Amino acid sequence: MKVQLGYGNQISIDGPQSALNAMTQRWPATRGERYERARNLCMAALGRRVAAESIRDDFVAACAEAGVLAD
């Protein structure tokens with residue numbers, strides 16, 4: 001999956017670590033309920049409390065909420 005952050009730069013997201021890095025370091029100021037849920041789930045996946053594959057839909061929802069999904 002690719003997201004568009006910053007000055008139009010697209011970055012690839014290939015798992016919870018890269019998703020969390022994008023969310024904590026490069027995310028736009030728009031941070032709503034879906035952002036919080038996805039961020040928390042990324043941390044849970046990294047701690048092996050949830051399956052990494054199970055958080056994709058929540059991350060996509062956070063991307064849609066912030067308007068950063070790349071085409």
# chains A, B, ... in the order shown; residues from 1 in each chain; ligands from 1

call {"tool": "select_by_dssp", "arguments": {"residues": "chain A", "states": "alpha helix (DSSP H)", "output": "ChimeraX atom specification"}}
result
/A:16-25,33-46,56-66

call {"tool": "residues_around", "arguments": {"residues": "segment 32-36 of chain A", "least_positions_apart": "5", "cutoff": "12 Å", "atoms": "only C-alpha atoms", "output": "PyMOL selection string"}}
result
chain A and resi 19-20+22-24+27+41-43+55+57-68

call {"tool": "closest_residue", "arguments": {"among": "A:Arg56, A:Gln25, A:Gly8, A:Asp14", "to": "Arg37 of chain A", "atoms": "only C-alpha atoms"}}
result
A:Arg56

call {"tool": "closest_residue", "arguments": {"among": "A:Arg26, A:Asn21, A:Ala38, A:Arg31", "to": "Asn9 of chain A", "atoms": "only C-alpha atoms"}}
result
A:Arg26

call {"tool": "select_by_dssp", "arguments": {"residues": "chain A", "states": "strand (DSSP E or B)", "output": "MDAnalysis selection string"}}
result
chainID A and resid 2:5 9:12 69

call {"tool": "residues_around", "arguments": {"residues": "Lys2 of chain A", "least_positions_apart": "5", "cutoff": "8 Å", "atoms": "only C-alpha atoms", "output": "list in words"}}
result
Gln10, Ile11, Ser12, Ile13, Leu69, Ala70 and Asp71 of chain A

call {"tool": "write_last_selection", "arguments": {"atoms": "N, CA and C atoms", "output": "PDB file, in the first residue's frame"}}
result
ATOM      1  N   GLN A  10       5.207   9.841  -2.008  1.00  0.00           N
ATOM      2  CA  GLN A  10       4.536   8.587  -1.726  1.00  0.00           C
ATOM      3  C   GLN A  10       5.514   7.653  -1.027  1.00  0.00           C
ATOM      4  N   ILE A  11       5.012   7.000  -0.007  1.00  0.00           N
ATOM      5  CA  ILE A  11       5.837   6.017   0.684  1.00  0.00           C
ATOM      6  C   ILE A  11       5.067   4.697   0.745  1.00  0.00           C
ATOM      7  N   SER A  12       5.798   3.608   0.705  1.00  0.00           N
ATOM      8  CA  SER A  12       5.195   2.280   0.791  1.00  0.00           C
ATOM      9  C   SER A  12       5.049   1.877   2.246  1.00  0.00           C
ATOM     10  N   ILE A  13       3.918   1.285   2.547  1.00  0.00           N
ATOM     11  CA  ILE A  13       3.656   0.758   3.878  1.00  0.00           C
ATOM     12  C   ILE A  13       3.589  -0.756   3.735  1.00  0.00           C
ATOM     13  N   LEU A  69      -4.404   8.524   1.169  1.00  0.00           N
ATOM     14  CA  LEU A  69      -4.297   7.337   0.321  1.00  0.00           C
ATOM     15  C   LEU A  69      -3.768   7.745  -1.052  1.00  0.00           C
ATOM     16  N   ALA A  70      -2.771   7.035  -1.538  1.00  0.00           N
ATOM     17  CA  ALA A  70      -2.229   7.306  -2.869  1.00  0.00           C
ATOM     18  C   ALA A  70      -3.016   6.504  -3.895  1.00  0.00           C
ATOM     19  N   ASP A  71      -3.051   7.010  -5.105  1.00  0.00           N
ATOM     20  CA  ASP A  71      -3.770   6.312  -6.192  1.00  0.00           C
ATOM     21  C   ASP A  71      -3.037   5.091  -6.649  1.00  0.00           C
TER      22      ASP A  71
END

call {"tool": "atom_distance", "arguments": {"atom1": "atom CA of Ser54 of chain A", "atom2": "atom CA of Leu5 of chain A"}}
result
23.3 Å

call {"tool": "atom_distance", "arguments": {"atom1": "atom CA of Ala29 of chain A", "atom2": "atom CA of Met1 of chain A"}}
result
21.0 Å
